[in-house]
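Participant: File follows, upload06.cif with mmCIF, C-alpha atoms:
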data_entry
#
loop_
_atom_site.label_atom_id
_atom_site.label_comp_id
_atom_site.auth_asym_id
_atom_site.auth_seq_id
_atom_site.Cartn_x
_atom_site.Cartn_y
_atom_site.Cartn_z
CA MET A 1322 -21.31 -36.02 -15.83
CA LYS A 1323 -17.58 -36.75 -15.67
CA LYS A 1324 -17.08 -34.74 -18.86
CA TRP A 1325 -18.81 -31.66 -17.33
CA ILE A 1326 -16.74 -31.87 -14.16
CA THR A 1327 -13.55 -32.06 -16.22
CA ILE A 1328 -14.60 -29.09 -18.37
CA SER A 1329 -15.57 -27.10 -15.27
CA LEU A 1330 -12.22 -27.82 -13.62
CA LEU A 1331 -10.34 -26.80 -16.77
CA ILE A 1332 -12.27 -23.53 -16.93
CA ILE A 1333 -11.51 -22.81 -13.25
CA VAL A 1334 -7.81 -23.57 -13.74
CA CYS A 1335 -7.67 -21.33 -16.84
CA MET A 1336 -9.46 -18.46 -15.10
CA PHE A 1337 -7.22 -18.77 -12.05
CA SER A 1338 -4.12 -18.79 -14.28
CA ILE A 1339 -5.28 -15.63 -16.06
CA ILE A 1340 -5.94 -13.89 -12.72
CA ILE A 1341 -2.37 -14.67 -11.60
CA LEU A 1342 -0.76 -13.79 -14.94
CA LEU A 1343 -2.50 -10.40 -15.13
CA SER A 1344 -2.14 -9.58 -11.43
CA PRO A 1345 -0.52 -6.24 -10.51
CA TYR A 1346 1.65 -8.23 -8.08
CA GLY A 1347 4.84 -9.18 -9.86
CA THR A 1348 8.28 -8.13 -10.95
CA HIS A 1349 8.82 -4.50 -11.86
CA ARG A 1350 11.82 -2.60 -13.17
CA GLY A 1351 13.98 -1.31 -10.33
CA PHE A 1352 12.87 -3.98 -7.82
CA SER A 1353 14.65 -7.25 -7.09
CA TYR A 1354 11.50 -8.72 -5.51
CA LYS A 1355 7.80 -8.87 -6.40
CA VAL A 1356 5.67 -5.86 -5.49
CA VAL A 1357 2.31 -4.25 -6.08
CA LYS A 1358 3.07 -0.69 -7.15
CA HIS A 1359 1.56 2.46 -8.50
CA THR A 1360 3.26 5.72 -9.50
CA ILE A 1361 1.93 9.22 -10.07
CA GLU A 1362 3.46 12.58 -10.96
CA ILE A 1363 2.53 15.51 -8.73
CA ASN A 1364 3.00 19.19 -9.53
CA ALA A 1365 4.56 20.05 -6.18
CA SER A 1366 8.00 19.77 -4.64
CA VAL A 1367 9.10 16.40 -3.35
CA LYS A 1368 9.54 18.01 0.09
CA ASP A 1369 5.89 19.14 0.18
CA VAL A 1370 4.61 15.67 -0.75
CA PHE A 1371 7.00 13.93 1.67
CA ASN A 1372 5.95 16.18 4.56
CA PHE A 1373 2.24 15.84 3.74
CA LEU A 1374 2.42 12.02 3.83
CA GLY A 1375 4.53 12.02 6.99
CA ASN A 1376 1.68 13.58 8.96
CA SER A 1377 -0.78 10.86 10.05
CA LYS A 1378 -3.57 13.43 10.52
CA ASN A 1379 -3.64 13.98 6.76
CA ALA A 1380 -4.65 10.37 5.98
CA SER A 1381 -8.33 11.11 6.58
CA GLN A 1382 -8.16 13.67 3.75
CA TRP A 1383 -6.64 11.45 1.07
CA SER A 1384 -7.29 7.79 1.88
CA VAL A 1385 -10.31 5.98 0.47
CA PHE A 1386 -9.55 3.00 2.74
CA VAL A 1387 -8.29 4.48 6.02
CA HIS A 1388 -10.64 6.65 8.03
CA HIS A 1389 -7.90 7.86 10.38
CA ILE A 1390 -4.47 7.01 11.75
CA GLN A 1391 -3.59 7.25 15.41
CA PRO A 1392 0.09 7.66 16.33
CA LEU A 1393 0.93 5.21 19.14
CA ASN A 1394 4.27 6.50 20.41
CA ALA A 1395 4.21 10.20 19.50
CA ASP A 1396 5.43 11.05 23.02
CA SER A 1397 8.79 9.42 22.24
CA VAL A 1398 9.08 9.39 18.41
CA GLN A 1399 7.89 12.10 16.04
CA ASP A 1400 5.10 11.01 13.69
CA GLY A 1401 6.44 9.98 10.29
CA LYS A 1402 9.98 9.33 11.55
CA THR A 1403 11.88 6.03 11.90
CA GLY A 1404 10.52 4.13 14.91
CA SER A 1405 7.11 5.81 14.76
CA ARG A 1406 4.24 3.41 15.41
CA ARG A 1407 0.68 4.06 14.39
CA ARG A 1408 -2.69 2.34 14.25
CA CYS A 1409 -4.79 2.58 11.10
CA PHE A 1410 -8.59 2.41 11.36
CA CYS A 1411 -10.96 1.88 8.45
CA ARG A 1412 -13.96 3.11 10.45
CA ALA A 1413 -14.55 6.21 12.59
CA TYR A 1414 -15.76 4.12 15.52
CA GLU A 1415 -12.45 2.17 15.55
CA LYS A 1416 -13.98 -1.28 15.13
CA GLY A 1417 -13.67 -3.57 12.16
CA MET A 1418 -10.60 -3.65 9.93
CA GLN A 1419 -7.51 -2.12 11.46
CA TRP A 1420 -3.76 -2.68 11.57
CA ASP A 1421 -0.56 -1.28 13.01
CA GLU A 1422 2.44 0.14 11.19
CA LEU A 1423 6.05 0.65 12.23
CA ILE A 1424 8.09 3.09 10.20
CA THR A 1425 11.38 1.25 9.70
CA GLU A 1426 13.23 3.50 7.28
CA VAL A 1427 13.10 7.17 6.41
CA ILE A 1428 15.33 8.87 3.86
CA PRO A 1429 14.02 12.46 3.73
CA ASN A 1430 12.41 13.31 0.40
CA LYS A 1431 13.38 9.87 -0.99
CA LYS A 1432 11.75 7.01 0.92
CA ARG A 1433 9.54 6.00 3.83
CA GLN A 1434 9.16 2.28 4.58
CA LEU A 1435 6.58 0.79 6.94
CA ILE A 1436 6.07 -2.72 8.27
CA ILE A 1437 2.41 -3.76 8.54
CA TYR A 1438 1.37 -5.98 11.47
CA ASN A 1439 -1.53 -6.82 13.83
CA LEU A 1440 -4.08 -7.01 11.01
CA LYS A 1441 -7.57 -7.40 12.50
CA ASP A 1442 -10.89 -8.32 10.88
CA PHE A 1443 -9.50 -8.62 7.35
CA PRO A 1444 -11.07 -11.34 5.20
CA VAL A 1445 -7.59 -12.24 3.90
CA THR A 1446 -4.27 -11.65 5.68
CA ALA A 1447 -0.59 -12.38 5.23
CA LYS A 1448 2.50 -11.96 7.40
CA ASN A 1449 5.69 -10.01 6.75
CA LEU A 1450 4.06 -7.26 4.69
CA ALA A 1451 5.68 -3.91 4.15
CA THR A 1452 4.85 -0.83 2.16
CA GLU A 1453 6.97 1.99 0.80
CA GLN A 1454 6.47 5.54 -0.29
CA LEU A 1455 9.17 6.34 -2.84
CA TYR A 1456 9.82 9.93 -3.88
CA GLU A 1457 11.69 11.18 -6.94
CA THR A 1458 12.37 14.79 -7.84
CA ILE A 1459 11.54 15.68 -11.44
CA ASP A 1460 12.21 19.40 -10.97
CA ALA A 1461 11.80 22.00 -8.20
CA ASN A 1462 8.00 21.94 -8.49
CA LYS A 1463 7.30 18.43 -9.74
CA CYS A 1464 7.90 14.96 -8.32
CA ARG A 1465 7.07 11.32 -8.83
CA LEU A 1466 5.47 9.35 -5.97
CA THR A 1467 5.37 5.54 -5.90
CA PHE A 1468 3.52 3.32 -3.40
CA THR A 1469 4.46 -0.35 -3.04
CA VAL A 1470 3.40 -3.39 -1.02
CA PHE A 1471 5.63 -6.44 -0.74
CA PHE A 1472 6.81 -9.25 1.53
CA LYS A 1473 9.81 -8.12 3.58
CA ASN A 1474 12.55 -10.35 4.98
CA ALA A 1475 10.59 -13.55 4.43
CA LYS A 1476 9.69 -15.80 1.58
CA PRO A 1477 5.90 -15.95 1.34
CA THR A 1478 4.20 -19.33 1.42
CA LEU A 1479 2.36 -20.53 -1.67
CA ILE A 1480 -0.95 -19.60 -0.03
CA GLU A 1481 0.35 -16.10 0.82
CA LYS A 1482 1.52 -15.64 -2.78
CA ILE A 1483 -1.88 -16.67 -4.13
CA LYS A 1484 -3.61 -14.30 -1.69
CA MET A 1485 -1.33 -11.46 -2.85
CA TYR A 1486 -1.89 -12.18 -6.55
CA ILE A 1487 -5.63 -11.85 -5.96
CA ALA A 1488 -5.56 -8.99 -3.40
CA ALA A 1489 -3.23 -6.99 -5.65
CA TYR A 1490 -6.15 -5.94 -7.84
CA GLU A 1491 -7.84 -4.22 -4.88
CA ILE A 1492 -4.55 -2.83 -3.53
CA LYS A 1493 -3.72 -1.27 -6.89
CA THR A 1494 -7.20 0.29 -7.11
CA ILE A 1495 -6.82 1.77 -3.63
CA PHE A 1496 -3.34 3.08 -4.50
CA LYS A 1497 -4.68 4.79 -7.65
CA GLN A 1498 -7.54 6.47 -5.79
CA ASN A 1499 -5.39 7.50 -2.82
CA MET A 1500 -2.65 8.92 -5.00
CA ALA A 1501 -5.13 10.85 -7.15
CA ASN A 1502 -6.43 12.39 -3.91
CA ILE A 1503 -2.90 13.19 -2.69
CA LYS A 1504 -2.13 14.86 -6.03
CA MET A 1505 -5.31 16.93 -5.92
CA ILE A 1506 -4.81 18.07 -2.30
CA VAL A 1507 -1.11 18.88 -2.52
CA GLU A 1508 -1.44 20.67 -5.86
CA LYS A 1509 -4.41 22.68 -4.56
CA GLU A 1510 -2.44 23.73 -1.47
CA LYS A 1511 0.38 24.99 -3.71
CA LYS A 1512 -1.91 27.37 -5.65
#
Represent the structure of the file as structure tokens.
Facilitator:
Amino acid sequence: MKKWITISLLIIVCMFSIIILLSPYGTHRGFSYKVVKHTIEINASVKDVFNFLGNSKNASQWSVFVHHIQPLNADSVQDGKTGSRRRCFCRAYEKGMQWDELITEVIPNKKRQLIIYNLKDFPVTAKNLATEQLYETIDANKCRLTFTVFFKNAKPTLIEKIKMYIAAYEIKTIFKQNMANIKMIVEKEKK
């Protein structure tokens, strides 16, 4: 019996090690901290893609995870600009998983950074999360878009790191699907 317990524990440790080693959360060229990231090239101007993603109403068209986004302070800060706050809902009826975002940095046609907070009804959560939309011009009618998720201004605990290593698989899948949708929509609008 002791032998089987030892073998089982070794298998679990090995599997867990492989999950962490192959996780999309890690170091990437151009980043001095660990991130989950995905990049796609879009046949549209960087300005068109930047403006499309800066409008919260468009999220329901491209996101496979977010049903809709509700700006919270649009009366004082324009949606998509620094200081803009918004609530993201995964369901139409606005129950279940939801979170708030604060746009903390906007460099037109280059970068939009958001802090994620007030996560509700998630099976796994972490604090000090941020996400970025990074834009790079390839030519007048082609750009590169990168989405990232990372811990901002705080060192994650061991438990938060483990959660991120595991959650990164789902985050990366969502990024891929969302960005494929963004590419399809923006490129279709340009035709």
Participant: Write out as a list of chain:residue names the residues lying within 7 Å of Val1387 (chain A), counting only C-alpha atoms and excluding same-chain residues fewer than 4 positions away.
Facilitator: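 Within the cut-off, the hits are A:Ala1380, A:Ser1381, A:Cys1409, A:Phe1410, A:Cys1411.
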Participant: Nearest to Thr1469 (chain A): which of A:Tyr1438, A:Phe1352, A:Phe1443, A:Tyr1486 is it, counting only C-alpha atoms?
Facilitator: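 Ranked by minimum distance to Thr1469 (chain A), first place goes to A:Phe1352.
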Participant: What would the selection look like, as a list in words, if the PyMOL selection byres ((chain A and resi 1468) around 6) were run on the coordinates I just shared?
Facilitator: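 Output of the PyMOL selection byres ((chain A and resi 1468) around 6): Lys1358, His1359, Glu1453, Gln1454, Thr1467 and Thr1469 of chain A.
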Participant: So, counting all atoms listed in the file, which residue among A:Lys1416, A:Lys1324, A:Arg1350, A:Lys1378 is closest to Asp1400 (chain A)?
Facilitator: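 For Asp1400 (chain A), the nearest of the given residues is A:Lys1378.
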Participant: From the list A:Met1322, A:Ala1451, A:Ile1437, A:Val1427, which residue is nearest Arg1408 (chain A) when using only C-alpha atoms?
Facilitator: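 Of A:Met1322, A:Ala1451, A:Ile1437, A:Val1427, the one nearest Arg1408 (chain A) is A:Ile1437, counting only C-alpha atoms.
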Participant: To verify the selection step, state as a tab-separated table (two decimals) with C-alpha atoms, in the coordinates of the input which residues the PyMOL selection byres ((chain A and resi 1376) around 12) yields on this input.
Facilitator:
chain	number	residue	atom	x	y	z
A	1369	ASP	CA	5.89	19.14	0.18
A	1370	VAL	CA	4.61	15.67	-0.75
A	1371	PHE	CA	7.00	13.93	1.67
A	1372	ASN	CA	5.95	16.18	4.56
A	1373	PHE	CA	2.24	15.84	3.74
A	1374	LEU	CA	2.42	12.02	3.83
A	1375	GLY	CA	4.53	12.02	6.99
A	1377	SER	CA	-0.78	10.86	10.05
A	1378	LYS	CA	-3.57	13.43	10.52
A	1379	ASN	CA	-3.64	13.98	6.76
A	1380	ALA	CA	-4.65	10.37	5.98
A	1381	SER	CA	-8.33	11.11	6.58
A	1382	GLN	CA	-8.16	13.67	3.75
A	1383	TRP	CA	-6.64	11.45	1.07
A	1389	HIS	CA	-7.90	7.86	10.38
A	1390	ILE	CA	-4.47	7.01	11.75
A	1391	GLN	CA	-3.59	7.25	15.41
A	1392	PRO	CA	0.09	7.66	16.33
A	1395	ALA	CA	4.21	10.20	19.50
A	1399	GLN	CA	7.89	12.10	16.04
A	1400	ASP	CA	5.10	11.01	13.69
A	1401	GLY	CA	6.44	9.98	10.29
A	1402	LYS	CA	9.98	9.33	11.55
A	1405	SER	CA	7.11	5.81	14.76
A	1407	ARG	CA	0.68	4.06	14.39
Participant: Counting only C-alpha atoms, what is within 7 Å of region 1448-1450 of chain A, bar same-chain residues fewer than 5 positions away, as a PyMOL selection string?
Facilitator: chain A and resi 1436-1437+1470-1473+1475
Participant: Selected by the PyMOL selection byres ((chain A and resi 1338-1342) around 12) in the shown coordinates: which residues, as a ChimeraX atom specification?
Facilitator: /A:1331-1337,1343-1348,1482-1490
Participant: Near Tyr1456 (chain A), counting all atoms listed in the file, which residues have an atom at most 10 Å away, once you skip same-chain residues fewer than 3 positions from it, shown as a list in words?
Facilitator: Thr1360, Glu1362, Val1367, Lys1368, Val1370, Phe1371, Ile1428, Pro1429, Asn1430, Lys1431, Lys1432, Arg1433, Glu1453, Ile1459, Cys1464, Arg1465, Leu1466, Thr1467 and Phe1468 of chain A
Participant: Report the distance between CA of Asn1499 (chain A) and CA of Asp1396 (chain A) in Å, rounded to one decimal place.
Facilitator: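 Computing it gives 28.2 Å between the two atoms.
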Participant: What is the CA of Ile1363 (chain A) to CA of Asn1502 (chain A) distance in Å?
Facilitator: 10.6 Å
Participant: Just the number, please: distance in Å from CA of Asn1394 (chain A) to CA of Val1507 (chain A), one decimal.
Facilitator: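 Interatomic distance here is 26.6 Å.
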Participant: Quick one: axis-aligned box around all listed atoms of region 1345-1358 of chain A, 4 Å on every side, centre and edge lengths in Å to one decimal, written as JSON.
Facilitator:
{"center_x": 7.1, "center_y": -4.9, "center_z": -9.3, "size_x": 23.2, "size_y": 16.5, "size_z": 15.7}
Participant: Closest to Leu1440 (chain A) among A:Met1418, A:Val1356, A:Ile1492, A:Leu1479, using only C-alpha atoms?
Facilitator: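 Closest to Leu1440 (chain A), using only C-alpha atoms: A:Met1418.
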Participant: With distances taken over all atoms listed in the file, which residue among A:Arg1412, A:Tyr1354, A:Ala1365, A:Leu1330 lies nearest Ile1503 (chain A)?
Facilitator: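 Nearest to Ile1503 (chain A): A:Ala1365.
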Participant: So which one's closest to Val1398 (chain A), A:Ile1328, A:Leu1423, A:Ile1506, A:Lys1323? Using only C-alpha atoms, please.
Facilitator: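 Of A:Ile1328, A:Leu1423, A:Ile1506, A:Lys1323, the one nearest Val1398 (chain A) is A:Leu1423, counting only C-alpha atoms.
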Participant: Could I get region 1492-1509 of chain A rebuilt with N, CA, C and O atoms, written as a CSV table (one decimal), in the frame of the given file?
Facilitator:
chain,number,residue,atom,x,y,z
A,1492,ILE,N,-5.6,-3.7,-4.0
A,1492,ILE,CA,-4.6,-2.8,-3.5
A,1492,ILE,C,-4.2,-1.8,-4.6
A,1492,ILE,O,-4.1,-0.6,-4.3
A,1493,LYS,N,-4.0,-2.2,-5.8
A,1493,LYS,CA,-3.7,-1.3,-6.9
A,1493,LYS,C,-4.8,-0.2,-7.1
A,1493,LYS,O,-4.5,1.0,-7.3
A,1494,THR,N,-6.1,-0.6,-7.0
A,1494,THR,CA,-7.2,0.3,-7.1
A,1494,THR,C,-7.2,1.3,-6.0
A,1494,THR,O,-7.4,2.5,-6.2
A,1495,ILE,N,-6.9,0.9,-4.8
A,1495,ILE,CA,-6.8,1.8,-3.6
A,1495,ILE,C,-5.6,2.7,-3.8
A,1495,ILE,O,-5.8,3.9,-3.6
A,1496,PHE,N,-4.5,2.2,-4.2
A,1496,PHE,CA,-3.3,3.1,-4.5
A,1496,PHE,C,-3.7,4.2,-5.5
A,1496,PHE,O,-3.4,5.3,-5.3
A,1497,LYS,N,-4.3,3.8,-6.6
A,1497,LYS,CA,-4.7,4.8,-7.6
A,1497,LYS,C,-5.6,5.9,-7.1
A,1497,LYS,O,-5.3,7.1,-7.3
A,1498,GLN,N,-6.6,5.5,-6.4
A,1498,GLN,CA,-7.5,6.5,-5.8
A,1498,GLN,C,-6.9,7.4,-4.7
A,1498,GLN,O,-7.0,8.6,-4.7
A,1499,ASN,N,-6.1,6.7,-3.9
A,1499,ASN,CA,-5.4,7.5,-2.8
A,1499,ASN,C,-4.4,8.5,-3.4
A,1499,ASN,O,-4.3,9.7,-3.0
A,1500,MET,N,-3.7,8.1,-4.4
A,1500,MET,CA,-2.6,8.9,-5.0
A,1500,MET,C,-3.3,10.0,-5.8
A,1500,MET,O,-2.7,11.2,-5.9
A,1501,ALA,N,-4.4,9.8,-6.4
A,1501,ALA,CA,-5.1,10.8,-7.2
A,1501,ALA,C,-5.6,11.9,-6.1
A,1501,ALA,O,-5.5,13.1,-6.4
A,1502,ASN,N,-6.0,11.5,-5.0
A,1502,ASN,CA,-6.4,12.4,-3.9
A,1502,ASN,C,-5.2,13.2,-3.4
A,1502,ASN,O,-5.3,14.4,-3.1
A,1503,ILE,N,-4.1,12.5,-3.2
A,1503,ILE,CA,-2.9,13.2,-2.7
A,1503,ILE,C,-2.5,14.3,-3.7
A,1503,ILE,O,-2.2,15.4,-3.3
A,1504,LYS,N,-2.5,13.9,-5.0
A,1504,LYS,CA,-2.1,14.9,-6.0
A,1504,LYS,C,-3.0,16.1,-6.0
A,1504,LYS,O,-2.6,17.2,-6.0
A,1505,MET,N,-4.3,15.8,-5.9
A,1505,MET,CA,-5.3,16.9,-5.9
A,1505,MET,C,-5.1,17.8,-4.7
A,1505,MET,O,-5.1,19.1,-4.8
A,1506,ILE,N,-4.9,17.3,-3.5
A,1506,ILE,CA,-4.8,18.1,-2.3
A,1506,ILE,C,-3.5,18.9,-2.3
A,1506,ILE,O,-3.5,20.1,-2.0
A,1507,VAL,N,-2.4,18.2,-2.6
A,1507,VAL,CA,-1.1,18.9,-2.5
A,1507,VAL,C,-1.0,20.0,-3.6
A,1507,VAL,O,-0.5,21.1,-3.3
A,1508,GLU,N,-1.5,19.7,-4.8
A,1508,GLU,CA,-1.4,20.7,-5.9
A,1508,GLU,C,-2.4,21.9,-5.5
A,1508,GLU,O,-2.0,23.0,-5.8
A,1509,LYS,N,-3.5,21.6,-4.9
A,1509,LYS,CA,-4.4,22.7,-4.6
A,1509,LYS,C,-3.8,23.6,-3.5
A,1509,LYS,O,-3.9,24.8,-3.5
